[in-house]
Amino acid sequence: MKPAPFCYAKARSLKHALELLGQANGEARVLAGGQSLIAALNLRLSSPRLLVDINGLADLDTIDLDGDRLALGAMVRQAAAERSPAVIEHAPLIVQALSHVAHPAIRNRGTIGGSIALADPAAELPACLVALGGEVEIAGSAGRRRVGAEDFFKGLYETDLEPGEVLAAVRVPSATRASRYGFGEFARRKGDYALVGLCAAARASGDKLQDVRLVFFGVGLKPVRARKAEAEIEGGPFEEGRIRKSISALADDLDPLEDIQASKALRTHLAGVLLKRVVQQLSESRS
Ligand SMILES: Cc1cc2nc3c(=O)[nH]c(=O)nc-3n(C[C@H](O)[C@H](O)[C@H](O)COP(=O)(O)OP(=O)(O)OC[C@H]3O[C@@H](n4cnc5c(N)ncnc54)[C@H](O)[C@@H]3O)c2cc1C
């Protein structure tokens with residue numbers, strides 16, 4: 001299939017992109033890496049009147065340490081983030097998650113902002129952002145605003161972004177010596193979207209884990225925090241009994257969707273397997 005006819009404009013600056021989007025009355029889409037958008041156009045799942053290309057906007061393509069937070073510009077390519085020494089040092093969970101996002105050729109074009117703005121429920125980066133307690137910086141005609149990751153993801157491919165706004169950057173707390181991370185996913189083939197995945201973060205205090213955040217993806221309409229399972233792990237050492245209780249708590253935390261790829265029972269079982277593996281990772285010291 002071919003896309004429905006559309007106009008194309010290359011933005012010269014973020015201000016120019018916002019002007020172009022503003023003039024289109026909600027009938028424009030931002031073009032970032034195009035890895036998801038172009039497929040959606042070709043399948044006619046999306047038929048915008050105008051594409052506003054933000055490739056080449058240098059101020060959206062930076063990785064900076066901003067106090068105790070790492071800021072990644074929306075147009076940072078997923079492959080560039082994966083190789084960035086700053087991301088490796090300050091946000092290792094993002095690096096771990098990115099290695100599961102599609103394939104290298106797609107990550108060479110796909111952007112950090114594109115994945116967050118798309119908000120696919122089976123995608124790694126949205127869950128990662130929630131697990132890290134990150135935030136999203138949004139640029140609009142009235143200026144910039146910041147939204148916490150948990151509030152940004154609203155539902156199936158639905159976010160807090162309004163028509164005419166551009167996701168400018170994401171910010172995550174920089175890793176400290178006490179930070180612990182865990183990641184795991186089941187996919188049919190490496191590089192496929194996850195059947196079930198889990199991103200986790202915690203703070204180690206002696207042999208105890210605190211501020212535990214367990215965020216599943218592929219199980220709901222958006223990243224899902226397993227709060228009851230978190231409570232079973234919070235404040236204690238890694239013990240079989242705690243893990244068992246935490247896995248049982250998933251019955252309250254998760255209500256996985258059923259589809260052609262996996263039944264609800266299979267997804268629930270896989271979530272428990274991942275939880276055990278990932279909490280074990282959280283308990284290991286960082287090298
Ligand atoms: C074969 C294949 C396998 C894939 N597997 C995975 C996978 O396993 N996990 C995974 O997470 N992803 C996967 N992807 C998706 C890939 O990661 C995409 O790169 C990503 O979802 C979108 O990034 P993009 O930069 O290409 O965005 P685009 O395709 O350009 O845009 C996607 C959407 O976000 C909007 N958008 C983009 N940037 C902004 C912005 N800055 N501000 C506002 N709106 C914006 C666009 O308007 C569009 O609606 C896969 C893609 C393919 C083709």
# chains A, B, ... in the order shown; residues from 1 in each chain; ligands from 1
>>> residues_around(residues="Arg267 (chain A)", least_positions_apart="6", cutoff="10 Å", atoms="only C-alpha atoms", output="number ranges by chain")
A: 186, 195-197, 218-219, 254-258, 261, 273
>>> closest_atom_pairs(of="chain A", to="ligand 1", cutoff="7 Å", atoms="only C-alpha atoms and all ligand atoms", output="Markdown table")
| residue | atom | partner | partner_atom_place_in_ligand_line | distance |
| --- | --- | --- | --- | --- |
| A:Arg29 | CA | ligand 1 | 47 (O) | 4.3 |
| A:Val30 | CA | ligand 1 | 47 (O) | 3.8 |
| A:Leu31 | CA | ligand 1 | 30 (O) | 4.3 |
| A:Ala32 | CA | ligand 1 | 30 (O) | 3.5 |
| A:Gly33 | CA | ligand 1 | 25 (O) | 3.3 |
| A:Gly34 | CA | ligand 1 | 30 (O) | 3.3 |
| A:Gln35 | CA | ligand 1 | 26 (O) | 3.6 |
| A:Ser36 | CA | ligand 1 | 29 (O) | 3.5 |
| A:Leu37 | CA | ligand 1 | 29 (O) | 3.6 |
| A:Ile38 | CA | ligand 1 | 29 (O) | 6.2 |
| A:Ala74 | CA | ligand 1 | 41 (N) | 5.1 |
| A:Met75 | CA | ligand 1 | 41 (N) | 6.6 |
| A:His100 | CA | ligand 1 | 8 (O) | 6.1 |
| A:Val101 | CA | ligand 1 | 9 (N) | 3.9 |
| A:Ala102 | CA | ligand 1 | 5 (N) | 3.5 |
| A:His103 | CA | ligand 1 | 3 (C) | 6.8 |
| A:Ile106 | CA | ligand 1 | 19 (O) | 6.1 |
| A:Arg107 | CA | ligand 1 | 19 (O) | 6.3 |
| A:Arg109 | CA | ligand 1 | 26 (O) | 6.3 |
| A:Gly110 | CA | ligand 1 | 19 (O) | 3.3 |
| A:Thr111 | CA | ligand 1 | 25 (O) | 3.7 |
| A:Ile112 | CA | ligand 1 | 25 (O) | 6.5 |
| A:Gly113 | CA | ligand 1 | 41 (N) | 4.8 |
| A:Gly114 | CA | ligand 1 | 23 (O) | 3.5 |
| A:Ser115 | CA | ligand 1 | 21 (O) | 4.0 |
| A:Ala117 | CA | ligand 1 | 34 (O) | 4.6 |
| A:Leu118 | CA | ligand 1 | 34 (O) | 4.2 |
| A:Asp120 | CA | ligand 1 | 11 (O) | 6.9 |
| A:Ala122 | CA | ligand 1 | 11 (O) | 6.9 |
| A:Ala123 | CA | ligand 1 | 11 (O) | 3.5 |
| A:Glu124 | CA | ligand 1 | 11 (O) | 4.9 |
| A:Leu125 | CA | ligand 1 | 11 (O) | 6.1 |
| A:Glu165 | CA | ligand 1 | 43 (C) | 6.3 |
| A:Val166 | CA | ligand 1 | 42 (N) | 3.7 |
| A:Leu167 | CA | ligand 1 | 42 (N) | 3.7 |
| A:Ala168 | CA | ligand 1 | 41 (N) | 5.7 |
| A:Gly191 | CA | ligand 1 | 8 (O) | 4.9 |
| A:Asp192 | CA | ligand 1 | 8 (O) | 4.4 |
| A:Tyr193 | CA | ligand 1 | 8 (O) | 3.5 |
| A:Ala194 | CA | ligand 1 | 8 (O) | 6.3 |
>>> residues_around(residues="region 223-240 of chain A", least_positions_apart="4", cutoff="8 Å", atoms="only C-alpha atoms", output="ChimeraX atom specification")
/A:121,126-127,130,153,207-219,244-250,252-254,279-280,283
>>> closest_residue(among="A:Leu43, A:Ala58, A:Val278, A:Ala175", to="Ala86 (chain A)", atoms="only C-alpha atoms")
A:Ala175
>>> residues_around(residues="Ile63 (chain A)", least_positions_apart="6", cutoff="7 Å", atoms="only C-alpha atoms", output="list in words")
Ala71, Leu72 and Gly73 of chain A
>>> write_last_selection(atoms="C-alpha atoms", output="PDB file, in the first residue's frame")
ATOM      1  CA  ALA A  71      19.012  14.736  29.796  1.00  0.00           C
ATOM      2  CA  LEU A  72      18.624  13.013  26.441  1.00  0.00           C
ATOM      3  CA  GLY A  73      17.340  15.114  23.553  1.00  0.00           C
TER       4      GLY A  73
END
>>> closest_residue(among="A:Leu161, A:Leu70, A:Val147, A:Ile116", to="Ile88 (chain A)", atoms="only C-alpha atoms")
A:Leu70
>>> closest_residue(among="A:Ala262, A:Glu158, A:Lys276, A:His269", to="Gly241 (chain A)", atoms="only C-alpha atoms")
A:Lys276
>>> atom_distance(atom1="CA of Leu275 (chain A)", atom2="CA of Gly182 (chain A)")
9.4 Å
>>> closest_residue(among="A:Phe6, A:Asp64, A:Ala79, A:Arg277", to="Glu185 (chain A)", atoms="only C-alpha atoms")
A:Arg277
